[in-house]
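Engineer: File name work-v9.pdb; file contents PDB, C-alpha atoms, pLDDT in the B column; full text below.
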ATOM      1  CA  MET Z  72      96.947 149.060 141.851  1.00 61.00           C
ATOM      2  CA  ARG Z  73      95.057 145.947 140.793  1.00 62.00           C
ATOM      3  CA  ALA Z  74      92.166 146.836 143.130  1.00 64.00           C
ATOM      4  CA  MET Z  75      91.985 150.316 141.580  1.00 60.00           C
ATOM      5  CA  ASN Z  76      91.823 148.840 138.068  1.00 65.00           C
ATOM      6  CA  ASN Z  77      89.041 146.487 139.179  1.00 69.00           C
ATOM      7  CA  ASN Z  78      87.117 149.424 140.627  1.00 71.00           C
ATOM      8  CA  LEU Z  79      87.549 151.435 137.426  1.00 69.00           C
ATOM      9  CA  ASN Z  80      86.431 148.474 135.333  1.00 74.00           C
ATOM     10  CA  SER Z  81      83.406 147.967 137.568  1.00 75.00           C
ATOM     11  CA  LEU Z  82      82.540 151.650 137.324  1.00 69.00           C
ATOM     12  CA  LEU Z  83      82.889 151.579 133.538  1.00 69.00           C
ATOM     13  CA  VAL Z  84      80.635 148.523 133.259  1.00 75.00           C
ATOM     14  CA  ALA Z  85      78.062 150.188 135.509  1.00 71.00           C
ATOM     15  CA  LEU Z  86      78.091 153.390 133.446  1.00 67.00           C
ATOM     16  CA  VAL Z  87      77.722 151.515 130.161  1.00 65.00           C
ATOM     17  CA  SER Z  88      74.891 149.435 131.606  1.00 63.00           C
ATOM     18  CA  LEU Z  89      73.125 152.529 132.904  1.00 58.00           C
ATOM     19  CA  THR Z  90      73.471 154.270 129.540  1.00 57.00           C
ATOM     20  CA  LEU Z  91      72.055 151.252 127.713  1.00 53.00           C
ATOM     21  CA  PHE Z  92      69.189 151.004 130.197  1.00 58.00           C
ATOM     22  CA  ILE Z  93      68.266 154.684 129.845  1.00 57.00           C
ATOM     23  CA  THR Z  94      68.486 154.506 126.056  1.00 52.00           C
ATOM     24  CA  ALA Z  95      66.357 151.368 125.937  1.00 56.00           C
ATOM     25  CA  CYS Z  96      63.662 153.014 128.055  1.00 65.00           C
ATOM     26  CA  GLN Z  97      63.160 155.899 125.672  1.00 84.00           C
ATOM     27  CA  SER Z  98      60.028 155.797 123.590  1.00 92.00           C
ATOM     28  CA  PRO Z  99      59.454 157.571 120.296  1.00 94.00           C
ATOM     29  CA  ARG Z 100      56.542 159.425 121.863  1.00 95.00           C
ATOM     30  CA  LYS Z 101      58.716 160.819 124.675  1.00 95.00           C
ATOM     31  CA  LEU Z 102      61.410 161.798 122.199  1.00 95.00           C
ATOM     32  CA  ASN Z 103      58.803 163.609 120.082  1.00 94.00           C
ATOM     33  CA  GLU Z 104      57.344 165.347 123.119  1.00 95.00           C
ATOM     34  CA  ASN Z 105      60.823 166.570 124.068  1.00 94.00           C
ATOM     35  CA  GLY Z 106      61.546 167.838 120.567  1.00 95.00           C
ATOM     36  CA  ASN Z 107      64.154 165.157 119.827  1.00 95.00           C
ATOM     37  CA  TYR Z 108      62.643 164.429 116.428  1.00 97.00           C
ATOM     38  CA  ASP Z 109      65.731 162.997 114.757  1.00 97.00           C
ATOM     39  CA  ASP Z 110      66.288 160.618 117.670  1.00 96.00           C
ATOM     40  CA  ALA Z 111      62.641 159.533 117.384  1.00 97.00           C
ATOM     41  CA  VAL Z 112      63.074 158.985 113.639  1.00 97.00           C
ATOM     42  CA  SER Z 113      66.186 156.870 114.232  1.00 96.00           C
ATOM     43  CA  LEU Z 114      64.522 154.815 116.958  1.00 96.00           C
ATOM     44  CA  CYS Z 115      61.410 154.185 114.861  1.00 97.00           C
ATOM     45  CA  VAL Z 116      63.461 153.224 111.816  1.00 97.00           C
ATOM     46  CA  ARG Z 117      65.374 150.692 113.943  1.00 96.00           C
ATOM     47  CA  LYS Z 118      62.112 149.259 115.274  1.00 95.00           C
ATOM     48  CA  LEU Z 119      60.489 149.040 111.828  1.00 96.00           C
ATOM     49  CA  LYS Z 120      63.433 147.961 109.672  1.00 95.00           C
ATOM     50  CA  GLY Z 121      63.103 144.417 108.385  1.00 92.00           C
ATOM     51  CA  LYS Z 122      59.701 143.869 109.978  1.00 92.00           C
ATOM     52  CA  LYS Z 123      56.876 142.571 107.815  1.00 91.00           C
ATOM     53  CA  ASN Z 124      54.177 143.430 110.364  1.00 94.00           C
ATOM     54  CA  LYS Z 125      55.029 146.969 111.361  1.00 96.00           C
ATOM     55  CA  LYS Z 126      53.570 148.185 114.649  1.00 96.00           C
ATOM     56  CA  ASP Z 127      51.083 151.012 114.287  1.00 96.00           C
ATOM     57  CA  LYS Z 128      52.612 153.068 117.110  1.00 96.00           C
ATOM     58  CA  PHE Z 129      56.049 153.160 115.466  1.00 97.00           C
ATOM     59  CA  VAL Z 130      54.610 154.008 112.045  1.00 97.00           C
ATOM     60  CA  ARG Z 131      52.590 156.894 113.494  1.00 97.00           C
ATOM     61  CA  GLU Z 132      55.431 158.198 115.658  1.00 97.00           C
ATOM     62  CA  LEU Z 133      57.831 158.037 112.715  1.00 98.00           C
ATOM     63  CA  GLU Z 134      55.376 160.007 110.611  1.00 98.00           C
ATOM     64  CA  THR Z 135      54.988 162.633 113.342  1.00 98.00           C
ATOM     65  CA  ALA Z 136      58.712 162.921 114.097  1.00 98.00           C
ATOM     66  CA  PHE Z 137      59.610 163.148 110.419  1.00 98.00           C
ATOM     67  CA  GLN Z 138      57.060 165.880 109.705  1.00 98.00           C
ATOM     68  CA  LYS Z 139      58.051 167.924 112.747  1.00 98.00           C
ATOM     69  CA  ALA Z 140      61.775 167.645 111.995  1.00 98.00           C
ATOM     70  CA  GLN Z 141      61.268 168.578 108.353  1.00 97.00           C
ATOM     71  CA  ASN Z 142      59.050 171.541 109.228  1.00 97.00           C
ATOM     72  CA  ARG Z 143      61.525 172.782 111.847  1.00 98.00           C
ATOM     73  CA  ASP Z 144      64.513 172.555 109.510  1.00 98.00           C
ATOM     74  CA  LEU Z 145      62.704 174.046 106.517  1.00 97.00           C
ATOM     75  CA  ALA Z 146      61.454 176.972 108.619  1.00 98.00           C
ATOM     76  CA  ARG Z 147      65.004 177.604 109.842  1.00 98.00           C
ATOM     77  CA  ILE Z 148      66.361 177.460 106.281  1.00 97.00           C
ATOM     78  CA  LYS Z 149      63.700 179.917 105.136  1.00 97.00           C
ATOM     79  CA  LYS Z 150      64.507 182.337 107.949  1.00 97.00           C
ATOM     80  CA  LEU Z 151      68.255 182.194 107.350  1.00 97.00           C
ATOM     81  CA  THR Z 152      67.849 182.517 103.590  1.00 96.00           C
ATOM     82  CA  GLU Z 153      65.614 185.561 103.954  1.00 96.00           C
ATOM     83  CA  GLU Z 154      68.273 187.282 106.055  1.00 95.00           C
ATOM     84  CA  ASN Z 155      70.730 186.696 103.192  1.00 92.00           C
ATOM     85  CA  ARG Z 156      73.899 186.830 105.269  1.00 95.00           C
ATOM     86  CA  PRO Z 157      76.991 184.942 104.083  1.00 95.00           C
ATOM     87  CA  GLU Z 158      77.794 183.618 107.550  1.00 96.00           C
ATOM     88  CA  TYR Z 159      74.516 181.650 107.528  1.00 96.00           C
ATOM     89  CA  TRP Z 160      75.298 179.569 104.438  1.00 95.00           C
ATOM     90  CA  LYS Z 161      77.255 176.991 106.414  1.00 96.00           C
ATOM     91  CA  GLU Z 162      74.254 176.356 108.674  1.00 97.00           C
ATOM     92  CA  ILE Z 163      71.875 176.292 105.703  1.00 96.00           C
ATOM     93  CA  ASN Z 164      74.078 173.708 104.000  1.00 95.00           C
ATOM     94  CA  HIS Z 165      74.186 171.644 107.194  1.00 97.00           C
ATOM     95  CA  LEU Z 166      70.380 171.731 107.447  1.00 96.00           C
ATOM     96  CA  HIS Z 167      70.047 170.590 103.825  1.00 95.00           C
ATOM     97  CA  ARG Z 168      72.354 167.669 104.548  1.00 95.00           C
ATOM     98  CA  THR Z 169      70.409 166.811 107.698  1.00 96.00           C
ATOM     99  CA  ILE Z 170      67.163 166.723 105.717  1.00 96.00           C
ATOM    100  CA  GLY Z 171      68.807 164.519 103.106  1.00 95.00           C
ATOM    101  CA  SER Z 172      70.182 162.129 105.704  1.00 95.00           C
ATOM    102  CA  ARG Z 173      66.808 161.886 107.437  1.00 97.00           C
ATOM    103  CA  GLN Z 174      65.092 161.112 104.144  1.00 96.00           C
ATOM    104  CA  GLU Z 175      67.671 158.463 103.263  1.00 96.00           C
ATOM    105  CA  LYS Z 176      66.926 156.693 106.559  1.00 96.00           C
ATOM    106  CA  ILE Z 177      63.218 156.554 105.799  1.00 97.00           C
ATOM    107  CA  ALA Z 178      63.211 155.944 102.046  1.00 96.00           C
ATOM    108  CA  PRO Z 179      63.800 152.156 102.245  1.00 96.00           C
ATOM    109  CA  LEU Z 180      60.668 151.819 104.409  1.00 96.00           C
ATOM    110  CA  LEU Z 181      58.359 153.584 101.942  1.00 95.00           C
ATOM    111  CA  PRO Z 182      55.503 153.141 101.377  1.00 95.00           C
ATOM    112  CA  LEU Z 183      55.112 152.776 105.115  1.00 96.00           C
ATOM    113  CA  ASN Z 184      52.087 150.751 106.169  1.00 96.00           C
ATOM    114  CA  SER Z 185      51.343 149.357 109.618  1.00 96.00           C
ATOM    115  CA  LYS Z 186      49.958 145.884 110.224  1.00 95.00           C
ATOM    116  CA  SER Z 187      46.584 147.496 111.051  1.00 96.00           C
ATOM    117  CA  GLY Z 188      46.500 149.099 107.592  1.00 95.00           C
ATOM    118  CA  TYR Z 189      47.491 152.652 108.530  1.00 96.00           C
ATOM    119  CA  ARG Z 190      49.548 154.297 105.795  1.00 97.00           C
ATOM    120  CA  ALA Z 191      51.938 157.036 106.877  1.00 97.00           C
ATOM    121  CA  LYS Z 192      51.925 160.205 104.818  1.00 97.00           C
ATOM    122  CA  ILE Z 193      55.579 160.980 104.270  1.00 96.00           C
ATOM    123  CA  ASP Z 194      56.585 163.347 101.502  1.00 93.00           C
ATOM    124  CA  LEU Z 195      60.239 163.373 100.537  1.00 94.00           C
ATOM    125  CA  LEU Z 196      61.819 166.515  99.128  1.00 90.00           C
ATOM    126  CA  ALA Z 197      64.147 166.642  96.140  1.00 86.00           C
ATOM    127  CA  TYR Z 198      66.995 167.735  98.410  1.00 65.00           C
ATOM    128  CA  ARG Z 199      69.720 166.694  95.953  1.00 61.00           C
ATOM    129  CA  ASP Z 200      68.711 169.664  93.819  1.00 57.00           C
ATOM    130  CA  TRP Z 201      69.951 171.934  96.651  1.00 54.00           C
ATOM    131  CA  GLU Z 202      73.537 170.705  96.536  1.00 50.00           C
TER
END
Translate the structure of the given file into structure tokens.
Structural biologist:
Amino acid sequence: MRAMNNNLNSLLVALVSLTLFITACQSPRKLNENGNYDDAVSLCVRKLKGKKNKKDKFVRELETAFQKAQNRDLARIKKLTEENRPEYWKEINHLHRTIGSRQEKIAPLLPLNSKSGYRAKIDLLAYRDWE
């Protein structure tokens, strides 16, 4: 029984280590290329938060991921709203909250300038008016 517990513990440690390794290897660019915009936003925010000299690549990737995620969600909201079906309001509300959450992650970093002088163009929406 003890040997089985040791094996399970070893397996669990290996799985956690593998998950951390895979997560650490992800780049914002790859996440953007795969359409995982919110994951790219989160990763970039983590990399930029609290840094005085912000790396250009993270500033640019955050700008790209944010714009793509916003455009995707706003286009979906527009489509669902135009169809005017009651069963879509739950999804529309969820999308509004997602946009708000994304903006709240980024807002403390604004204005967002890299150490090379690049200034990200990030326009926040007045999403609170939607609620």
Engineer: Please expand the PyMOL selection byres ((chain Z and resi 169) around 12) into the concrete residues it hits in this file, giving the result as a PyMOL selection string.
Structural biologist: chain Z and resi 108-109+137+140-141+143-145+148+162-168+170-176+198-199
Engineer: Which polymer residues have any atom within 12 Å of an atom of Arg190 in chain Z, counting all atoms listed in the file, with same-chain residues fewer than 3 positions away left out, as a PyMOL selection string?
Structural biologist: chain Z and resi 125-131+133-134+180-187+193
Engineer: Quick one: pull the distance between CA of Gln138 in chain Z and CA of Tyr189 in chain Z, Å, one decimal.
Structural biologist: 16.4 Å
Engineer: Report the distance between CA of Arg100 in chain Z and CA of Val112 in chain Z in Å, rounded to one decimal place.
Structural biologist: 10.5 Å
Engineer: Return the padded bounding box of range 101-116 of chain Z as lines of an AutoDock Vina configuration file: axis-aligned, built from all atoms listed in the file, 5 Å added on each side, with centre and edge lengths in Å to one decimal.
Structural biologist:
center_x = 61.8
center_y = 160.5
center_z = 118.2
size_x = 18.9
size_y = 24.6
size_z = 22.9
Engineer: Can you tell me how far CA of Asp110 in chain Z sits from CA of Glu158 in chain Z, in Å to one decimal?
Structural biologist: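 Interatomic distance, CA of Asp110 in chain Z to CA of Glu158 in chain Z: 27.6 Å.
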Engineer: Tell me which of Z:Asn124, Z:Ala136, Z:Val84, Z:Cys115 sits closest to Asn103 in chain Z, counting all atoms listed in the file.
Structural biologist: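 Nearest candidate to Asn103 in chain Z out of Z:Asn124, Z:Ala136, Z:Val84, Z:Cys115: Z:Ala136.
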Engineer: Can you take the partial range 181-192 of chain Z, add all heavy atoms, and return it as an mmCIF file, in the frame of the given file?
Structural biologist:
data_model
loop_
_atom_site.group_PDB
_atom_site.id
_atom_site.type_symbol
_atom_site.label_atom_id
_atom_site.label_comp_id
_atom_site.auth_asym_id
_atom_site.auth_seq_id
_atom_site.Cartn_x
_atom_site.Cartn_y
_atom_site.Cartn_z
ATOM 1 N N LEU Z 181 59.530 153.064 102.647
ATOM 2 C CA LEU Z 181 58.359 153.584 101.942
ATOM 3 C C LEU Z 181 57.897 152.641 100.844
ATOM 4 O O LEU Z 181 58.716 152.014 100.192
ATOM 5 C CB LEU Z 181 58.672 154.958 101.372
ATOM 6 C CG LEU Z 181 59.026 156.021 102.412
ATOM 7 C CD1 LEU Z 181 59.359 157.333 101.719
ATOM 8 C CD2 LEU Z 181 57.928 156.212 103.423
ATOM 9 N N PRO Z 182 56.593 152.545 100.603
ATOM 10 C CA PRO Z 182 55.503 153.141 101.377
ATOM 11 C C PRO Z 182 55.427 152.468 102.746
ATOM 12 O O PRO Z 182 55.665 151.282 102.868
ATOM 13 C CB PRO Z 182 54.261 152.856 100.547
ATOM 14 C CG PRO Z 182 54.602 151.639 99.748
ATOM 15 C CD PRO Z 182 56.088 151.692 99.529
ATOM 16 N N LEU Z 183 55.095 153.245 103.734
ATOM 17 C CA LEU Z 183 55.112 152.776 105.115
ATOM 18 C C LEU Z 183 53.700 152.483 105.602
ATOM 19 O O LEU Z 183 52.912 153.398 105.819
ATOM 20 C CB LEU Z 183 55.782 153.827 106.009
ATOM 21 C CG LEU Z 183 56.031 153.447 107.454
ATOM 22 C CD1 LEU Z 183 56.830 152.149 107.569
ATOM 23 C CD2 LEU Z 183 56.773 154.565 108.163
ATOM 24 N N ASN Z 184 53.404 151.202 105.729
ATOM 25 C CA ASN Z 184 52.087 150.751 106.169
ATOM 26 C C ASN Z 184 52.229 149.924 107.436
ATOM 27 O O ASN Z 184 53.111 149.076 107.522
ATOM 28 C CB ASN Z 184 51.424 149.887 105.091
ATOM 29 C CG ASN Z 184 51.250 150.643 103.800
ATOM 30 O OD1 ASN Z 184 50.650 151.695 103.767
ATOM 31 N ND2 ASN Z 184 51.811 150.106 102.728
ATOM 32 N N SER Z 185 51.321 150.149 108.388
ATOM 33 C CA SER Z 185 51.343 149.357 109.618
ATOM 34 C C SER Z 185 50.545 148.081 109.402
ATOM 35 O O SER Z 185 49.807 147.954 108.420
ATOM 36 C CB SER Z 185 50.750 150.147 110.779
ATOM 37 O OG SER Z 185 49.354 150.262 110.640
ATOM 38 N N LYS Z 186 50.682 147.145 110.344
ATOM 39 C CA LYS Z 186 49.958 145.884 110.224
ATOM 40 C C LYS Z 186 48.446 146.088 110.338
ATOM 41 O O LYS Z 186 47.679 145.276 109.861
ATOM 42 C CB LYS Z 186 50.461 144.863 111.240
ATOM 43 C CG LYS Z 186 50.261 145.232 112.694
ATOM 44 C CD LYS Z 186 50.866 144.168 113.586
ATOM 45 C CE LYS Z 186 50.783 144.582 115.044
ATOM 46 N NZ LYS Z 186 51.424 143.599 115.907
ATOM 47 N N SER Z 187 48.020 147.214 110.940
ATOM 48 C CA SER Z 187 46.584 147.496 111.051
ATOM 49 C C SER Z 187 46.038 148.165 109.793
ATOM 50 O O SER Z 187 44.851 148.411 109.690
ATOM 51 C CB SER Z 187 46.307 148.387 112.267
ATOM 52 O OG SER Z 187 46.809 149.690 112.037
ATOM 53 N N GLY Z 188 46.932 148.492 108.842
ATOM 54 C CA GLY Z 188 46.500 149.099 107.592
ATOM 55 C C GLY Z 188 46.711 150.597 107.509
ATOM 56 O O GLY Z 188 46.417 151.208 106.481
ATOM 57 N N TYR Z 189 47.227 151.209 108.564
ATOM 58 C CA TYR Z 189 47.491 152.652 108.530
ATOM 59 C C TYR Z 189 48.648 152.919 107.586
ATOM 60 O O TYR Z 189 49.682 152.251 107.644
ATOM 61 C CB TYR Z 189 47.813 153.172 109.935
ATOM 62 C CG TYR Z 189 48.119 154.650 109.934
ATOM 63 C CD1 TYR Z 189 47.087 155.571 109.857
ATOM 64 C CD2 TYR Z 189 49.425 155.114 109.975
ATOM 65 C CE1 TYR Z 189 47.353 156.934 109.834
ATOM 66 C CE2 TYR Z 189 49.702 156.468 109.961
ATOM 67 C CZ TYR Z 189 48.655 157.377 109.889
ATOM 68 O OH TYR Z 189 48.924 158.716 109.850
ATOM 69 N N ARG Z 190 48.480 153.913 106.728
ATOM 70 C CA ARG Z 190 49.548 154.297 105.795
ATOM 71 C C ARG Z 190 50.055 155.685 106.159
ATOM 72 O O ARG Z 190 49.300 156.658 106.122
ATOM 73 C CB ARG Z 190 49.026 154.289 104.363
ATOM 74 C CG ARG Z 190 50.132 154.596 103.380
ATOM 75 C CD ARG Z 190 49.655 154.526 101.955
ATOM 76 N NE ARG Z 190 50.809 154.564 101.080
ATOM 77 C CZ ARG Z 190 50.910 153.900 99.956
ATOM 78 N NH1 ARG Z 190 49.928 153.141 99.562
ATOM 79 N NH2 ARG Z 190 51.992 154.004 99.226
ATOM 80 N N ALA Z 191 51.326 155.759 106.493
ATOM 81 C CA ALA Z 191 51.938 157.036 106.877
ATOM 82 C C ALA Z 191 52.046 157.935 105.651
ATOM 83 O O ALA Z 191 52.373 157.480 104.563
ATOM 84 C CB ALA Z 191 53.314 156.797 107.478
ATOM 85 N N LYS Z 192 51.781 159.215 105.882
ATOM 86 C CA LYS Z 192 51.925 160.205 104.818
ATOM 87 C C LYS Z 192 53.283 160.871 105.011
ATOM 88 O O LYS Z 192 53.450 161.708 105.882
ATOM 89 C CB LYS Z 192 50.799 161.227 104.883
ATOM 90 C CG LYS Z 192 50.850 162.238 103.747
ATOM 91 C CD LYS Z 192 49.672 163.175 103.805
ATOM 92 C CE LYS Z 192 49.601 164.175 102.709
ATOM 93 N NZ LYS Z 192 50.782 164.579 102.039
#
